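See below for the structure under consideration.
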Amino acid sequence: MTQKHDITLDINGKKYEITVEPRRTLVDVIRDQCGQTGTHAGCHHGVCGACTILLDDEPVRACLMFGIQADGKKIRTVEGLADGDKLHPLQQAFTDHHALQCGYCTPGFLMLAVGILEKDPDISHDDLISALSSNLCRCTGYANIITAVKAAAEQMRAG
Amino acid sequence: MKPASFNYHAPSSIDEAVRLLSQYSDAEGRIIAGGQSLVPTMAFRLARPAHLIDISGISALDKITQEEDRLIIGAGVRHSAFHKPVCDGPLGALLTEVVQHIAHLPIRTRGTFCGALAHADPASEWCALAVTLDATLVAKSADGERQIPASSFFETVMTTTLVENELLTEAQLPMLPNNSRFGFEEFSRRAGDYALTMALVVWEDEGGKISNARIGLGGVEDRPRRIIEAEEILNGNIPSDDVFRAAAEAAASVVDPMEDHATSAGYRRDLVKALTRRAMEKAVK
């Protein structure tokens with residue numbers, strides 16, 4: 001019999017006290033047990049990046065770790081980006097620059113981009129392309145995604 | 001798919017991890033560090049460990065220590081630790097260059113240096129680097145500790161000489177002298193994919209001549225290795241296009257490349273020639 005564990009997940013500053021099976025990946029725990037379905041589960045094996053979240057402010061793939069491993073760590077998801085009705089600059093830029101079509105990859109791209117820009121707001125074009133290459137968009141929206149992230153970077157730098 | 005059930009253990013010390021491993025290694029117990037290779041394998045149920053021993057909470061493993069002649073990388077150190085130089089001199093710069101080629105940013109924030117060694121993918125950058133630089137790997141078990149030279153650590157694809165109750169606790173890289181030069185090149189069809197071939201070239205510049213040349217290849221054969229025949233062509237010579245071409249030809253002629261449905265042995269041999277030469281050219285710049 002597999003032992004279950006009591007853990008506390010801190011998602012966007014809110015504490016979720018839950019009991020998890022160790023085999024549950026973090027993305028499944030965030031969605032199914034904490035009800036935060038903004039984080040999408042795409043490929044479930046670390047290829048597509050749809051489930052990218054920030055763990056202690058670093059972008060990670062939530063399907064490549066177990067929920068139990070995030071006990072006590074600070075998780076940020078797409079639900080935590082907007083300030084009330086005011087969109088985060090990256091969300092606004094994605095809207096303005098048509099950086100999404102079906103929207104499935106969008107939460108992952110947003111969290112990846114937030115992680116990148118918070119750490120390196122002056123990231124070069126080439127380094128940005130390299131960093132964004134980790135996530136897949138099947139609507140082939142890459143050009144607009146890059147445009148949006150660069151626009152948001154400019155706005156975030158300006159404050 | 002979803003991973004099969006397992007029991008989870010989170011030791012807080014190396015001794016506790018080794019004790020748990022000793023207790024569960026016969027009952028399909030496995031170590032997890034960054035999990036960036038293990039978790040997808042579990043999602044496909046190609047791996048179904050009954051016990052996972054998570055070493056990521058062991059603070060004693062999460063550190064890089066510089067000694068006079070070596071850099072010691074603990075088993076908890078993640079790839080992203082090398083995004084900025086971890087030590088002065090050529091070794092710090094080399095690690096920073098190589099890490100950029102490992103998978104993608106969100107993988108590098110979780111995956112670990114030693115985990116890559118223990119996983120032993122033939123196309124792992126850190127495995128090629130460990131072999132090229134003659135790293136020493138330290139394994140601990142309930143029976144004690146042993147030091148394993150990287151040259152005899154990798155047996156074949158995803159297989160090392162670690163035995164089931166052994167935990168790889170650290171990798172020791174020799175510091176590179178200040179007159180060291182290096183070049184690293186790899187080729188993959190898409191950004192972040194495993195490389196089809198990679199070449200690492202390191203030598204010391206002795207008054208304009210190459211000395212102590214090291215040429216290591218990864219992704220070509222079932223494990224990374226140094227190509228002595230090519231190194232001998234470099235040693236004692238002044239860097240030049242002729243010397244580089246001769247060494248690259250030698251490397252391409254002695255390798256026994258892997259083949260798969262998309263990549264022939266001949267293609268990999270061509271890559272060895274091209275990438276070894278480009279790595280040497282990078283080393284002079």
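Ordered as shown in the structure tokens, chains take letters A, B, and onward, while each chain numbers its residues from 1 and ligands are numbered from 1 in the order shown.
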
Please produce, as a tab-separated table, a per-residue contact table for chain A versus chain B (criterion: any atom at most 6 Å away, only C-alpha atoms considered), showing the nearest atom pair and its distance in Å to one decimal, sorted by chain then residue number.
```
residue	atom	partner	partner_atom	distance
A:Thr2	CA	B:Asn7	CA	5.6
A:Arg23	CA	B:Ser5	CA	5.5
A:His45	CA	B:Pro40	CA	4.6
A:Pro59	CA	B:Pro106	CA	5.1
A:Val60	CA	B:Pro106	CA	4.4
A:Leu64	CA	B:Val39	CA	5.6
A:Ser134	CA	B:His104	CA	5.2
```

**OP:** Quick one: everything within 8 Å of Thr25 of chain A, counting only C-alpha atoms, minus sequence neighbours fewer than 3 positions away in the same chain. Send it as a ChimeraX atom specification.
**Re:** /A:22,28-29,62-67

Go ahead and save the residues from that selection, with N, CA and C atoms, as a PDB file, in the first residue's frame.
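So the final result, stored in again.pdb, reads:
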```pdb
ATOM      1  N   PRO A  22       2.220  10.071  -3.576  1.00  0.00           N
ATOM      2  CA  PRO A  22       3.508  10.526  -4.119  1.00  0.00           C
ATOM      3  C   PRO A  22       3.556  10.538  -5.645  1.00  0.00           C
ATOM      4  N   ASP A  28      -0.763  17.903 -11.874  1.00  0.00           N
ATOM      5  CA  ASP A  28      -2.036  17.262 -11.527  1.00  0.00           C
ATOM      6  C   ASP A  28      -2.517  17.707 -10.152  1.00  0.00           C
ATOM      7  N   VAL A  29      -1.589  17.852  -9.213  1.00  0.00           N
ATOM      8  CA  VAL A  29      -1.968  18.275  -7.866  1.00  0.00           C
ATOM      9  C   VAL A  29      -2.500  19.713  -7.890  1.00  0.00           C
ATOM     10  N   ALA A  62       5.874  21.575 -14.451  1.00  0.00           N
ATOM     11  CA  ALA A  62       5.158  20.978 -13.316  1.00  0.00           C
ATOM     12  C   ALA A  62       4.815  19.516 -13.544  1.00  0.00           C
ATOM     13  N   CYS A  63       5.021  19.015 -14.775  1.00  0.00           N
ATOM     14  CA  CYS A  63       4.792  17.581 -15.010  1.00  0.00           C
ATOM     15  C   CYS A  63       6.054  16.789 -14.743  1.00  0.00           C
ATOM     16  N   LEU A  64       7.187  17.482 -14.523  1.00  0.00           N
ATOM     17  CA  LEU A  64       8.452  16.774 -14.312  1.00  0.00           C
ATOM     18  C   LEU A  64       8.877  16.781 -12.858  1.00  0.00           C
ATOM     19  N   MET A  65       7.937  17.011 -11.985  1.00  0.00           N
ATOM     20  CA  MET A  65       8.218  16.804 -10.564  1.00  0.00           C
ATOM     21  C   MET A  65       6.929  16.349  -9.899  1.00  0.00           C
ATOM     22  N   PHE A  66       7.074  15.791  -8.733  1.00  0.00           N
ATOM     23  CA  PHE A  66       5.905  15.304  -8.013  1.00  0.00           C
ATOM     24  C   PHE A  66       5.409  16.389  -7.073  1.00  0.00           C
ATOM     25  N   GLY A  67       4.093  16.420  -6.864  1.00  0.00           N
ATOM     26  CA  GLY A  67       3.503  17.431  -5.994  1.00  0.00           C
ATOM     27  C   GLY A  67       4.170  17.458  -4.629  1.00  0.00           C
TER      28      GLY A  67
END
```

**OP:** Would you please work out which residue, of A:Ala93, A:Val114, A:Ile53, A:Leu132, is nearest to Ala152 of chain A when using only C-alpha atoms?
**Re:** A:Ala93

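Considering the residues A:Gln69, A:Thr106, A:Gln155, A:Thr8 and counting only C-alpha atoms, His40 of chain A has its shortest atom-to-atom contact with A:Thr106.
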
**OP:** Please run DSSP on the backbone and report, as a ChimeraX atom specification, all residues within segment 214-280 of chain B that come out as strand (DSSP E or B).
**Re:** /B:214-218,225-226

**OP:** Report the residues of chain A whose backbone DSSP state falls under helix (DSSP H, G or I), written as JSON, numbers by chain.
**Re:** {"A": [26, 27, 28, 29, 30, 31, 32, 33, 67, 68, 69, 70, 78, 79, 80, 89, 90, 91, 92, 93, 94, 95, 96, 106, 107, 108, 109, 110, 111, 112, 113, 114, 115, 116, 117, 118, 119, 125, 126, 127, 128, 129, 130, 131, 132, 142, 143, 144, 145, 146, 147, 148, 149, 150, 151, 152, 153, 154, 155, 156, 157, 158]}

Could those residues be written to a file, using C-alpha atoms, as a PDB file, in the first residue's frame?
```pdb
ATOM      1  CA  LEU A  26       2.788  18.719  -9.461  1.00  0.00           C
ATOM      2  CA  VAL A  27       0.648  19.816 -12.406  1.00  0.00           C
ATOM      3  CA  ASP A  28      -2.036  17.262 -11.527  1.00  0.00           C
ATOM      4  CA  VAL A  29      -1.968  18.275  -7.866  1.00  0.00           C
ATOM      5  CA  ILE A  30      -2.252  21.973  -8.738  1.00  0.00           C
ATOM      6  CA  ARG A  31      -5.179  21.335 -11.066  1.00  0.00           C
ATOM      7  CA  ASP A  32      -7.069  18.458  -9.457  1.00  0.00           C
ATOM      8  CA  GLN A  33      -6.440  18.921  -5.765  1.00  0.00           C
ATOM      9  CA  GLY A  67       3.503  17.431  -5.994  1.00  0.00           C
ATOM     10  CA  ILE A  68       5.059  16.172  -2.799  1.00  0.00           C
ATOM     11  CA  GLN A  69       8.388  17.675  -3.853  1.00  0.00           C
ATOM     12  CA  ALA A  70       6.849  21.152  -3.841  1.00  0.00           C
ATOM     13  CA  VAL A  78      -0.956  32.147 -14.313  1.00  0.00           C
ATOM     14  CA  GLU A  79      -3.806  32.880 -11.855  1.00  0.00           C
ATOM     15  CA  GLY A  80      -1.399  35.025  -9.848  1.00  0.00           C
ATOM     16  CA  PRO A  89       2.134  43.535 -18.722  1.00  0.00           C
ATOM     17  CA  LEU A  90       2.857  40.159 -20.339  1.00  0.00           C
ATOM     18  CA  GLN A  91      -0.824  39.212 -20.456  1.00  0.00           C
ATOM     19  CA  GLN A  92      -1.654  42.617 -21.937  1.00  0.00           C
ATOM     20  CA  ALA A  93       1.133  42.282 -24.499  1.00  0.00           C
ATOM     21  CA  PHE A  94      -0.054  38.789 -25.500  1.00  0.00           C
ATOM     22  CA  THR A  95      -3.503  40.288 -26.136  1.00  0.00           C
ATOM     23  CA  ASP A  96      -2.190  43.351 -27.957  1.00  0.00           C
ATOM     24  CA  THR A 106      -0.360  30.423 -23.215  1.00  0.00           C
ATOM     25  CA  PRO A 107      -0.168  29.895 -19.411  1.00  0.00           C
ATOM     26  CA  GLY A 108       3.121  28.051 -19.879  1.00  0.00           C
ATOM     27  CA  PHE A 109       4.561  30.740 -22.147  1.00  0.00           C
ATOM     28  CA  LEU A 110       3.434  33.493 -19.777  1.00  0.00           C
ATOM     29  CA  MET A 111       5.049  31.894 -16.728  1.00  0.00           C
ATOM     30  CA  LEU A 112       8.202  31.065 -18.672  1.00  0.00           C
ATOM     31  CA  ALA A 113       8.432  34.656 -19.918  1.00  0.00           C
ATOM     32  CA  VAL A 114       7.756  36.100 -16.455  1.00  0.00           C
ATOM     33  CA  GLY A 115      10.535  33.912 -15.043  1.00  0.00           C
ATOM     34  CA  ILE A 116      12.928  35.030 -17.759  1.00  0.00           C
ATOM     35  CA  LEU A 117      12.167  38.757 -17.595  1.00  0.00           C
ATOM     36  CA  GLU A 118      12.145  38.999 -13.800  1.00  0.00           C
ATOM     37  CA  LYS A 119      15.635  37.548 -13.737  1.00  0.00           C
ATOM     38  CA  HIS A 125      17.119  38.988 -28.619  1.00  0.00           C
ATOM     39  CA  ASP A 126      19.134  35.807 -29.222  1.00  0.00           C
ATOM     40  CA  ASP A 127      19.035  34.730 -25.585  1.00  0.00           C
ATOM     41  CA  LEU A 128      15.290  35.365 -25.488  1.00  0.00           C
ATOM     42  CA  ILE A 129      14.716  33.202 -28.570  1.00  0.00           C
ATOM     43  CA  SER A 130      16.840  30.488 -27.022  1.00  0.00           C
ATOM     44  CA  ALA A 131      14.957  30.630 -23.714  1.00  0.00           C
ATOM     45  CA  LEU A 132      11.497  30.714 -25.352  1.00  0.00           C
ATOM     46  CA  TYR A 142       6.072  32.041 -32.249  1.00  0.00           C
ATOM     47  CA  ALA A 143       6.724  35.305 -34.075  1.00  0.00           C
ATOM     48  CA  ASN A 144       3.911  37.059 -32.240  1.00  0.00           C
ATOM     49  CA  ILE A 145       4.885  35.487 -28.922  1.00  0.00           C
ATOM     50  CA  ILE A 146       8.414  36.864 -29.302  1.00  0.00           C
ATOM     51  CA  THR A 147       7.041  40.282 -30.275  1.00  0.00           C
ATOM     52  CA  ALA A 148       4.749  40.281 -27.238  1.00  0.00           C
ATOM     53  CA  VAL A 149       7.454  39.270 -24.797  1.00  0.00           C
ATOM     54  CA  LYS A 150       9.779  41.964 -26.114  1.00  0.00           C
ATOM     55  CA  ALA A 151       7.024  44.578 -25.851  1.00  0.00           C
ATOM     56  CA  ALA A 152       6.282  43.485 -22.288  1.00  0.00           C
ATOM     57  CA  ALA A 153       9.988  43.585 -21.436  1.00  0.00           C
ATOM     58  CA  GLU A 154      10.142  47.182 -22.588  1.00  0.00           C
ATOM     59  CA  GLN A 155       7.109  48.085 -20.525  1.00  0.00           C
ATOM     60  CA  MET A 156       8.371  46.247 -17.437  1.00  0.00           C
ATOM     61  CA  ARG A 157      11.727  48.052 -17.719  1.00  0.00           C
ATOM     62  CA  ALA A 158       9.923  51.393 -17.954  1.00  0.00           C
TER      63      ALA A 158
END
```

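Of the listed residues (A:Leu55, A:Ala50, A:Ala99, A:Cys43), A:Leu55 comes nearest to Asp71 of chain A; the distances count only C-alpha atoms.
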
Original post:
Which residue, A:His5, A:Lys86, A:Lys14, A:His44, has the smallest gap to Lys73 of chain A when you use only C-alpha atoms?
Top reply: A:Lys14

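If only C-alpha atoms are the atoms counted, then among B:Ile228, B:Leu271, B:Ile53, B:Ile58 the closest residue to Ile14 of chain B is B:Ile58.
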
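For Pro257 of chain B, the list of residues within 8 Å, based on only C-alpha atoms and with local chain neighbours fewer than 6 positions off taken out, reads Val220, Glu221, Ala265, Gly266, Arg268 and Arg269 of chain B.
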
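For the pair atom CA of Ala81 of chain B and atom CA of Val98 of chain B, the separation is 12.2 Å.
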
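For the pair atom CA of Lys273 of chain B and atom CA of Phe187 of chain B, the interatomic distance is 12.0 Å.
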
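Of the listed residues A:Lys4, A:Lys74, A:Arg61, A:His98, the one whose atoms come nearest to Tyr16 of chain A is A:Lys74, with distances taken using only C-alpha atoms.
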
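Separating atom CA of Ile210 of chain B from atom CA of Glu249 of chain B is a distance of 17.9 Å.
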
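Residue neighbourhood of Gly219 of chain B, excluding near-sequence residues (fewer than 4 positions): Pro122, Ala123, Ala195, Leu196, Thr197, Met198 and Pro224 of chain B, at 7 Å, using only C-alpha atoms.
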
For those residues, write N, CA and C atoms to a file as a compact mmCIF listing (two decimals), in the first residue's frame.
```txt
# COMPACT_ATOMS: atom_id res chain seq x y z
N PRO B 122 24.23 8.70 -23.54
CA PRO B 122 25.47 8.89 -24.33
C PRO B 122 25.60 10.31 -24.88
N ALA B 123 24.48 11.03 -25.01
CA ALA B 123 24.54 12.39 -25.56
C ALA B 123 24.48 13.45 -24.48
N ALA B 195 21.94 16.09 -28.50
CA ALA B 195 22.84 16.30 -29.63
C ALA B 195 23.08 14.98 -30.36
N LEU B 196 23.24 15.08 -31.68
CA LEU B 196 23.62 13.90 -32.46
C LEU B 196 25.12 13.63 -32.28
N THR B 197 25.86 14.69 -32.06
CA THR B 197 27.30 14.59 -31.82
C THR B 197 27.75 15.84 -31.09
N MET B 198 28.71 15.68 -30.18
CA MET B 198 29.33 16.86 -29.56
C MET B 198 30.82 16.62 -29.42
N PRO B 224 30.54 8.34 -23.82
CA PRO B 224 31.52 9.34 -24.24
C PRO B 224 32.94 8.81 -24.04
```
